[in-house]
Structure formats: structure tokens, C-alpha cells
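Participant: If you scroll down you'll find the structure; I have some questions about it.
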Amino acid sequence: MAGFLGEYEATIDAKGRFLLPGGLKKQMPEGTTTMVISRGFEKCLLLYPQKSWEAIEEKIKKLNEFNPKVSQFRTLFVGGASYVELDSAGRILLPPSLKEYAGLGKDILLASDIDKIKIWDSGKYKKLFEDFSSDAFASLASDVTAGINF
């Protein structure tokens, strides 16, 4: 599967559901109806196709569960994870506790992140970019790509 690309706006309805934008639905592996949603490291949610989640789960299983940091990580990351299904209309129901964690309002933004999709409150996502200068972005890119030739 090629990675996800793009940013997409969506709206959460009164029941806590949002319609998966068509542009993202086209990028999902064929036949995907089950996904996993979890807390992100930032105040957002992470939405994984089931196959992507299974690969992460296998790596997490290999961590030393007797290490207190591993235990804490598993509690925070895996503890809140939930399976979600695309309904017949292409909507996803957000678990209320995860919606609260990310501080999601009515307007959300789905941002592609290669093997997953980040679900942000639209205002918080826009502020992230307002607060990050082009110089800071260039410095970050330099730091994380040191030694990699593009």
C-alpha cells in the first residue's frame, strides 16, 4: 500500500460520527472497513487501517513489559485504542473518551501521515502551522533528516 497523502476537512455530527472523505477512502487498502483509532502523542487521534495497526501491535508485543516506561506507553497508547467500523454511509463513530482526549469540536481535519491518519480539531491544526515559522520548519527538517539523502 502506498502511504496516505493530503489534508481533508470533515464535520462531526451530533452522534459523534464523521464521514470519511472520499479522497482518503480511495487511498485505503481495498476492502477496508475495520480500522483502529488511538490517542496520538500530540493532542490528536490516530486512525490506522487494521493491517497497519497489526504491524504496530506486533512490534509493541516485543517490548519488555517489565520495563515501567513500556508499561506506561502501552497504557497510554494501546489502552485507549478501539476498533471502529465504516458504516454503510462511510461514517466512523468516534469513541467519546478519545474525542474528549483530542478536544475535538464539530470541525475536524484529517491529516495524512503515511501509514495512518491524524484526526485534529480544525482550529488546533491551523494554529499548529500559525505558530511554526518557516525557519523552525527548515531546522526541524534538517534535524530529523540528518544523514539521509533525498
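By order of appearance in the C-alpha cells: chains A, B, ..., then residues from 1 within every chain, and ligands from 1 in the order shown.
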Per DSSP on the backbone, filter range 88-127 of chain A down to the residues in strand (DSSP E or B) and report them as a PyMOL selection string.
Facilitator: chain A and resi 91-93+107-114+116-121
Participant: Sorted by chain and rising residue number, which residues of range 57-125 of chain A lie within 7 Å of range 5-24 of chain A, and what are their closest atom pairs and distances in Å to one decimal, counting only C-alpha atoms, as JSON lines?
Facilitator:
{"residue": "A:Gly90", "atom": "CA", "partner": "A:Leu19", "partner_atom": "CA", "distance": 5.7}
{"residue": "A:Arg91", "atom": "CA", "partner": "A:Leu19", "partner_atom": "CA", "distance": 4.2}
{"residue": "A:Ile92", "atom": "CA", "partner": "A:Arg17", "partner_atom": "CA", "distance": 5.3}
{"residue": "A:Leu93", "atom": "CA", "partner": "A:Arg17", "partner_atom": "CA", "distance": 4.2}
{"residue": "A:Leu94", "atom": "CA", "partner": "A:Gly16", "partner_atom": "CA", "distance": 5.7}
{"residue": "A:Lys106", "atom": "CA", "partner": "A:Ile12", "partner_atom": "CA", "distance": 4.9}
{"residue": "A:Asp107", "atom": "CA", "partner": "A:Thr11", "partner_atom": "CA", "distance": 4.7}
{"residue": "A:Ile108", "atom": "CA", "partner": "A:Ala10", "partner_atom": "CA", "distance": 5.4}
{"residue": "A:Leu109", "atom": "CA", "partner": "A:Glu9", "partner_atom": "CA", "distance": 4.6}
{"residue": "A:Leu110", "atom": "CA", "partner": "A:Tyr8", "partner_atom": "CA", "distance": 5.1}
{"residue": "A:Ala111", "atom": "CA", "partner": "A:Glu7", "partner_atom": "CA", "distance": 4.5}
{"residue": "A:Ser112", "atom": "CA", "partner": "A:Leu5", "partner_atom": "CA", "distance": 5.0}
{"residue": "A:Ile114", "atom": "CA", "partner": "A:Leu5", "partner_atom": "CA", "distance": 6.8}
Participant: Find the residues around Cys44 in chain A up to 7 Å (only C-alpha atoms counted), leave out those fewer than 6 positions away in its own chain, and share them as a list in words.
Facilitator: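 Those residues are Ala102, Lys118, Ile119 and Trp120 of chain A.
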Participant: Return the single residue from A:Asp143, A:Asp135, A:Asp115, A:Glu100 that is closest to Phe4 in chain A, with distances computed using only C-alpha atoms.
Facilitator: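 Using only C-alpha atoms, Phe4 in chain A sits closest to A:Asp115.
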Participant: When distances are computed from only C-alpha atoms, which of A:Met28, A:Ile37, A:Leu47, A:Ile117 shows the smallest separation from Val78 in chain A?
Facilitator: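 Among the listed residues, A:Ile37 lies closest to Val78 in chain A.
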Participant: So that I can check the secondary structure, give me every residue of chain A assigned helix (DSSP H, G or I) by backbone DSSP, as a ChimeraX atom specification.
Facilitator: /A:22-25,50-61,68-77,96-101,122-130,134-144
Participant: Out of A:Gln50, A:Asp121, A:Val84, A:Phe129, which residue has the shortest atom-to-atom distance to Pro29 in chain A when counting only C-alpha atoms?
Facilitator: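 Result for the nearest residue to Pro29 in chain A: A:Gln50.
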Participant: Please, what distance in Å, to one decimal, runs between CA of Met35 in chain A and CA of Tyr83 in chain A?
Facilitator: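 Taking CA of Met35 in chain A and CA of Tyr83 in chain A, their separation equals 5.7 Å.
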